[in-house]
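Undergrad: Input file: my_file-v4.csv. Contents: CSV, N, CA and C atoms.
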```csv
chain,number,residue,atom,x,y,z
V,1,MET,N,-3.7,1.7,-7.3
V,1,MET,CA,-2.7,2.6,-6.8
V,1,MET,C,-3.2,3.2,-5.4
V,2,ASN,N,-2.3,3.2,-4.4
V,2,ASN,CA,-2.6,3.7,-3.1
V,2,ASN,C,-2.2,5.1,-3.0
V,3,ARG,N,-3.1,6.1,-2.9
V,3,ARG,CA,-2.7,7.5,-2.8
V,3,ARG,C,-2.6,7.9,-1.4
V,4,GLN,N,-1.6,8.6,-1.0
V,4,GLN,CA,-1.5,9.2,0.3
V,4,GLN,C,-2.2,10.5,0.3
V,5,ILE,N,-3.1,10.7,1.2
V,5,ILE,CA,-3.9,12.0,1.2
V,5,ILE,C,-3.5,12.9,2.4
V,6,PHE,N,-2.4,12.6,3.0
V,6,PHE,CA,-2.0,13.5,4.1
V,6,PHE,C,-0.5,13.8,3.9
V,7,ASP,N,0.0,14.8,4.7
V,7,ASP,CA,1.3,15.4,4.5
V,7,ASP,C,2.4,14.7,5.3
V,8,LEU,N,2.1,14.2,6.5
V,8,LEU,CA,3.1,13.6,7.4
V,8,LEU,C,2.5,12.5,8.2
V,9,ALA,N,3.2,11.5,8.4
V,9,ALA,CA,2.7,10.4,9.3
V,9,ALA,C,3.9,10.1,10.3
V,10,LEU,N,3.5,10.0,11.6
V,10,LEU,CA,4.5,9.7,12.6
V,10,LEU,C,4.2,8.3,13.2
V,11,TYR,N,5.2,7.5,13.4
V,11,TYR,CA,5.0,6.2,13.9
V,11,TYR,C,5.7,6.1,15.3
V,12,GLY,N,5.2,5.2,16.2
V,12,GLY,CA,5.8,5.0,17.5
V,12,GLY,C,6.9,3.9,17.4
V,13,GLN,N,7.6,3.7,18.5
V,13,GLN,CA,8.6,2.7,18.5
V,13,GLN,C,8.1,1.3,18.2
V,14,ASP,N,6.8,1.1,18.5
V,14,ASP,CA,6.2,-0.2,18.2
V,14,ASP,C,5.9,-0.4,16.7
V,15,GLY,N,6.2,0.7,15.9
V,15,GLY,CA,5.9,0.6,14.5
V,15,GLY,C,4.4,0.9,14.1
V,16,GLN,N,3.6,1.3,15.1
V,16,GLN,CA,2.2,1.6,14.8
V,16,GLN,C,2.1,3.1,14.5
V,17,LEU,N,1.2,3.4,13.6
V,17,LEU,CA,0.9,4.8,13.2
V,17,LEU,C,0.3,5.5,14.5
V,18,LYS,N,0.9,6.7,14.8
V,18,LYS,CA,0.4,7.4,16.0
V,18,LYS,C,-0.2,8.8,15.7
V,19,LEU,N,0.3,9.4,14.6
V,19,LEU,CA,-0.2,10.8,14.3
V,19,LEU,C,-0.1,11.0,12.8
V,20,ILE,N,-1.2,11.6,12.3
V,20,ILE,CA,-1.2,12.1,10.9
V,20,ILE,C,-1.3,13.6,10.9
V,21,VAL,N,-0.5,14.3,10.1
V,21,VAL,CA,-0.5,15.7,10.0
V,21,VAL,C,-0.9,16.1,8.6
V,22,GLU,N,-1.8,17.1,8.6
V,22,GLU,CA,-2.2,17.7,7.3
V,22,GLU,C,-1.9,19.2,7.4
V,23,VAL,N,-1.2,19.7,6.5
V,23,VAL,CA,-0.8,21.1,6.5
V,23,VAL,C,-1.6,21.9,5.4
V,24,LYS,N,-2.2,23.0,5.8
V,24,LYS,CA,-3.0,23.8,4.9
V,24,LYS,C,-2.6,25.2,5.0
V,25,THR,N,-2.7,26.0,3.9
V,25,THR,CA,-2.3,27.4,3.9
V,25,THR,C,-3.5,28.4,4.0
V,26,LYS,N,-4.6,27.9,4.5
V,26,LYS,CA,-5.8,28.8,4.5
V,26,LYS,C,-5.7,29.7,5.7
V,27,PRO,N,-5.5,31.0,5.5
V,27,PRO,CA,-5.5,31.9,6.7
V,27,PRO,C,-6.9,32.1,7.2
V,28,GLY,N,-7.0,32.2,8.5
V,28,GLY,CA,-8.3,32.5,9.1
V,28,GLY,C,-9.3,31.4,9.1
V,29,ALA,N,-8.9,30.2,9.0
V,29,ALA,CA,-9.8,29.0,8.9
V,29,ALA,C,-10.5,28.9,10.2
V,30,SER,N,-11.8,28.6,10.1
V,30,SER,CA,-12.6,28.4,11.3
V,30,SER,C,-12.5,27.0,11.8
V,31,LEU,N,-13.0,26.8,13.1
V,31,LEU,CA,-13.0,25.4,13.7
V,31,LEU,C,-13.9,24.6,12.8
V,32,ASN,N,-15.1,25.1,12.4
V,32,ASN,CA,-16.0,24.3,11.5
V,32,ASN,C,-15.3,23.9,10.3
V,33,TRP,N,-14.6,24.7,9.6
V,33,TRP,CA,-13.8,24.4,8.4
V,33,TRP,C,-12.8,23.3,8.7
V,34,ALA,N,-12.1,23.4,9.8
V,34,ALA,CA,-11.1,22.4,10.2
V,34,ALA,C,-11.8,21.0,10.5
V,35,ALA,N,-13.0,21.1,11.1
V,35,ALA,CA,-13.7,19.8,11.3
V,35,ALA,C,-14.1,19.2,10.0
V,36,GLU,N,-14.5,20.0,9.1
V,36,GLU,CA,-14.9,19.4,7.8
V,36,GLU,C,-13.7,18.8,7.1
V,37,VAL,N,-12.5,19.4,7.1
V,37,VAL,CA,-11.3,18.8,6.6
V,37,VAL,C,-11.0,17.5,7.2
V,38,HIS,N,-11.1,17.4,8.6
V,38,HIS,CA,-10.8,16.2,9.3
V,38,HIS,C,-11.8,15.1,8.9
V,39,HIS,N,-13.1,15.4,8.8
V,39,HIS,CA,-14.1,14.5,8.4
V,39,HIS,C,-13.8,14.0,6.9
V,40,TYR,N,-13.6,14.9,6.0
V,40,TYR,CA,-13.3,14.6,4.6
V,40,TYR,C,-12.1,13.6,4.5
V,41,MET,N,-11.1,13.8,5.3
V,41,MET,CA,-9.9,12.9,5.2
V,41,MET,C,-10.3,11.5,5.6
V,42,TYR,N,-11.1,11.4,6.7
V,42,TYR,CA,-11.5,10.0,7.1
V,42,TYR,C,-12.4,9.3,6.1
V,43,VAL,N,-13.3,10.1,5.6
V,43,VAL,CA,-14.3,9.5,4.6
V,43,VAL,C,-13.5,9.0,3.4
V,44,TYR,N,-12.4,9.7,3.0
V,44,TYR,CA,-11.7,9.3,1.8
V,44,TYR,C,-10.4,8.5,2.0
V,45,GLY,N,-10.4,7.8,3.1
V,45,GLY,CA,-9.4,6.8,3.3
V,45,GLY,C,-8.2,7.1,4.2
V,46,MET,N,-8.2,8.1,5.0
V,46,MET,CA,-7.1,8.3,6.0
V,46,MET,C,-7.1,7.2,6.9
V,47,PRO,N,-5.9,6.6,7.2
V,47,PRO,CA,-5.9,5.5,8.1
V,47,PRO,C,-6.3,5.9,9.5
V,48,LYS,N,-6.7,4.9,10.3
V,48,LYS,CA,-7.1,5.1,11.7
V,48,LYS,C,-5.8,5.4,12.4
V,49,THR,N,-5.8,6.4,13.3
V,49,THR,CA,-4.7,6.8,14.1
V,49,THR,C,-5.1,7.4,15.4
V,50,PRO,N,-4.4,7.3,16.4
V,50,PRO,CA,-4.8,7.9,17.7
V,50,PRO,C,-4.9,9.5,17.7
V,51,PHE,N,-4.1,10.1,16.8
V,51,PHE,CA,-4.1,11.6,16.8
V,51,PHE,C,-4.1,12.1,15.3
V,52,PHE,N,-4.7,13.2,15.2
V,52,PHE,CA,-4.7,13.9,13.9
V,52,PHE,C,-4.4,15.4,14.1
V,53,LEU,N,-3.5,16.0,13.4
V,53,LEU,CA,-3.1,17.4,13.6
V,53,LEU,C,-3.3,18.1,12.3
V,54,LEU,N,-4.1,19.2,12.3
V,54,LEU,CA,-4.3,20.0,11.2
V,54,LEU,C,-3.5,21.3,11.4
V,55,ALA,N,-2.5,21.5,10.7
V,55,ALA,CA,-1.6,22.7,10.9
V,55,ALA,C,-1.9,23.8,9.9
V,56,LEU,N,-2.3,24.9,10.4
V,56,LEU,CA,-2.7,26.1,9.6
V,56,LEU,C,-1.7,27.2,9.9
V,57,PRO,N,-1.7,28.3,9.1
V,57,PRO,CA,-0.7,29.4,9.3
V,57,PRO,C,-0.8,30.0,10.7
V,58,GLN,N,-2.0,30.1,11.3
V,58,GLN,CA,-2.2,30.8,12.5
V,58,GLN,C,-2.6,29.9,13.7
V,59,VAL,N,-2.9,28.7,13.5
V,59,VAL,CA,-3.4,27.8,14.5
V,59,VAL,C,-3.2,26.4,14.2
V,60,PHE,N,-3.0,25.5,15.2
V,60,PHE,CA,-3.0,24.1,15.0
V,60,PHE,C,-4.3,23.5,15.6
V,61,TYR,N,-4.9,22.6,15.0
V,61,TYR,CA,-6.0,21.8,15.6
V,61,TYR,C,-5.6,20.4,15.8
V,62,LEU,N,-5.7,19.9,17.0
V,62,LEU,CA,-5.3,18.5,17.3
V,62,LEU,C,-6.5,17.7,17.8
V,63,TRP,N,-6.8,16.6,17.1
V,63,TRP,CA,-7.8,15.7,17.6
V,63,TRP,C,-7.2,14.4,18.2
V,64,LYS,N,-7.8,14.0,19.3
V,64,LYS,CA,-7.4,12.7,19.8
V,64,LYS,C,-8.6,11.8,19.5
V,65,ILE,N,-8.3,10.7,18.7
V,65,ILE,CA,-9.3,9.8,18.2
V,65,ILE,C,-9.5,8.7,19.1
V,66,SER,N,-10.7,8.4,19.6
V,66,SER,CA,-10.9,7.3,20.5
V,66,SER,C,-11.5,6.1,19.8
```
Could you rewrite the structure in this file as structure tokens?

TA:
Amino acid sequence: MNRQIFDLALYGQDGQLKLIVEVKTKPGASLNWAAEVHHYMYVYGMPKTPFFLLALPQVFYLWKIS
């Protein structure tokens, strides 16, 4: 069974995955906490994508993956 571990995936006109969005409700989350979430998602099978967005109640963190 293939489990989806993210909340939203956006694809380009070419059909390729461009952005994954993860939404969390943790108020006051630090940049270090956000980085751990990002790392955890890749370790546990998030597909490779050029961009990753972590959306929190007070801030968005956007990574450009090279």

Undergrad: What lies within 8 Å of range 47-63 of chain V using only C-alpha atoms, ignoring chain neighbours under 2 positions off, as a PDB file with N, CA and C atoms, keeping the file's coordinate frame?

TA:
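Once everything was written out, this is selection_19.pdb:
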```
ATOM      1  N   LEU V  17       1.200   3.400  13.600  1.00  0.00           N
ATOM      2  CA  LEU V  17       0.900   4.800  13.200  1.00  0.00           C
ATOM      3  C   LEU V  17       0.300   5.500  14.500  1.00  0.00           C
ATOM      4  N   LYS V  18       0.900   6.700  14.800  1.00  0.00           N
ATOM      5  CA  LYS V  18       0.400   7.400  16.000  1.00  0.00           C
ATOM      6  C   LYS V  18      -0.200   8.800  15.700  1.00  0.00           C
ATOM      7  N   LEU V  19       0.300   9.400  14.600  1.00  0.00           N
ATOM      8  CA  LEU V  19      -0.200  10.800  14.300  1.00  0.00           C
ATOM      9  C   LEU V  19      -0.100  11.000  12.800  1.00  0.00           C
ATOM     10  N   ILE V  20      -1.200  11.600  12.300  1.00  0.00           N
ATOM     11  CA  ILE V  20      -1.200  12.100  10.900  1.00  0.00           C
ATOM     12  C   ILE V  20      -1.300  13.600  10.900  1.00  0.00           C
ATOM     13  N   VAL V  21      -0.500  14.300  10.100  1.00  0.00           N
ATOM     14  CA  VAL V  21      -0.500  15.700  10.000  1.00  0.00           C
ATOM     15  C   VAL V  21      -0.900  16.100   8.600  1.00  0.00           C
ATOM     16  N   GLU V  22      -1.800  17.100   8.600  1.00  0.00           N
ATOM     17  CA  GLU V  22      -2.200  17.700   7.300  1.00  0.00           C
ATOM     18  C   GLU V  22      -1.900  19.200   7.400  1.00  0.00           C
ATOM     19  N   VAL V  23      -1.200  19.700   6.500  1.00  0.00           N
ATOM     20  CA  VAL V  23      -0.800  21.100   6.500  1.00  0.00           C
ATOM     21  C   VAL V  23      -1.600  21.900   5.400  1.00  0.00           C
ATOM     22  N   LYS V  24      -2.200  23.000   5.800  1.00  0.00           N
ATOM     23  CA  LYS V  24      -3.000  23.800   4.900  1.00  0.00           C
ATOM     24  C   LYS V  24      -2.600  25.200   5.000  1.00  0.00           C
ATOM     25  N   THR V  25      -2.700  26.000   3.900  1.00  0.00           N
ATOM     26  CA  THR V  25      -2.300  27.400   3.900  1.00  0.00           C
ATOM     27  C   THR V  25      -3.500  28.400   4.000  1.00  0.00           C
ATOM     28  N   LYS V  26      -4.600  27.900   4.500  1.00  0.00           N
ATOM     29  CA  LYS V  26      -5.800  28.800   4.500  1.00  0.00           C
ATOM     30  C   LYS V  26      -5.700  29.700   5.700  1.00  0.00           C
ATOM     31  N   PRO V  27      -5.500  31.000   5.500  1.00  0.00           N
ATOM     32  CA  PRO V  27      -5.500  31.900   6.700  1.00  0.00           C
ATOM     33  C   PRO V  27      -6.900  32.100   7.200  1.00  0.00           C
ATOM     34  N   GLY V  28      -7.000  32.200   8.500  1.00  0.00           N
ATOM     35  CA  GLY V  28      -8.300  32.500   9.100  1.00  0.00           C
ATOM     36  C   GLY V  28      -9.300  31.400   9.100  1.00  0.00           C
ATOM     37  N   ALA V  29      -8.900  30.200   9.000  1.00  0.00           N
ATOM     38  CA  ALA V  29      -9.800  29.000   8.900  1.00  0.00           C
ATOM     39  C   ALA V  29     -10.500  28.900  10.200  1.00  0.00           C
ATOM     40  N   ALA V  34     -12.100  23.400   9.800  1.00  0.00           N
ATOM     41  CA  ALA V  34     -11.100  22.400  10.200  1.00  0.00           C
ATOM     42  C   ALA V  34     -11.800  21.000  10.500  1.00  0.00           C
ATOM     43  N   HIS V  38     -11.100  17.400   8.600  1.00  0.00           N
ATOM     44  CA  HIS V  38     -10.800  16.200   9.300  1.00  0.00           C
ATOM     45  C   HIS V  38     -11.800  15.100   8.900  1.00  0.00           C
ATOM     46  N   TYR V  42     -11.100  11.400   6.700  1.00  0.00           N
ATOM     47  CA  TYR V  42     -11.500  10.000   7.100  1.00  0.00           C
ATOM     48  C   TYR V  42     -12.400   9.300   6.100  1.00  0.00           C
ATOM     49  N   GLY V  45     -10.400   7.800   3.100  1.00  0.00           N
ATOM     50  CA  GLY V  45      -9.400   6.800   3.300  1.00  0.00           C
ATOM     51  C   GLY V  45      -8.200   7.100   4.200  1.00  0.00           C
ATOM     52  N   ILE V  65      -8.300  10.700  18.700  1.00  0.00           N
ATOM     53  CA  ILE V  65      -9.300   9.800  18.200  1.00  0.00           C
ATOM     54  C   ILE V  65      -9.500   8.700  19.100  1.00  0.00           C
ATOM     55  N   SER V  66     -10.700   8.400  19.600  1.00  0.00           N
ATOM     56  CA  SER V  66     -10.900   7.300  20.500  1.00  0.00           C
ATOM     57  C   SER V  66     -11.500   6.100  19.800  1.00  0.00           C
TER      58      SER V  66
END
```

Undergrad: Could you tell me how far CA of Met46 in chain V lies from CA of Gln13 in chain V, in Å and to one decimal?

TA: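 Separation of CA of Met46 in chain V and CA of Gln13 in chain V: 20.8 Å.
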
Undergrad: Using DSSP on the backbone coordinates, identify all residues within chain V classified as alpha helix (DSSP H); present the result as a PyMOL selection string.

TA: chain V and resi 31-43

Undergrad: Provide the atom C of Tyr44 in chain V to atom N of Ile5 in chain V distance in Å, to one decimal place.

TA: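 Computing the Euclidean distance for atom C of Tyr44 in chain V and atom N of Ile5 in chain V yields 7.7 Å.
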
Undergrad: So that I can check the secondary structure, give me every residue of chain V assigned strand (DSSP E or B) by backbone DSSP, as a PyMOL selection string.

TA: chain V and resi 8-11+17-23+51-55+60-64

Undergrad: Please compute the CA of Ser30 in chain V-CA of Lys64 in chain V distance, one decimal, in Å.

TA: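 Between these atoms lies a distance of 18.6 Å.
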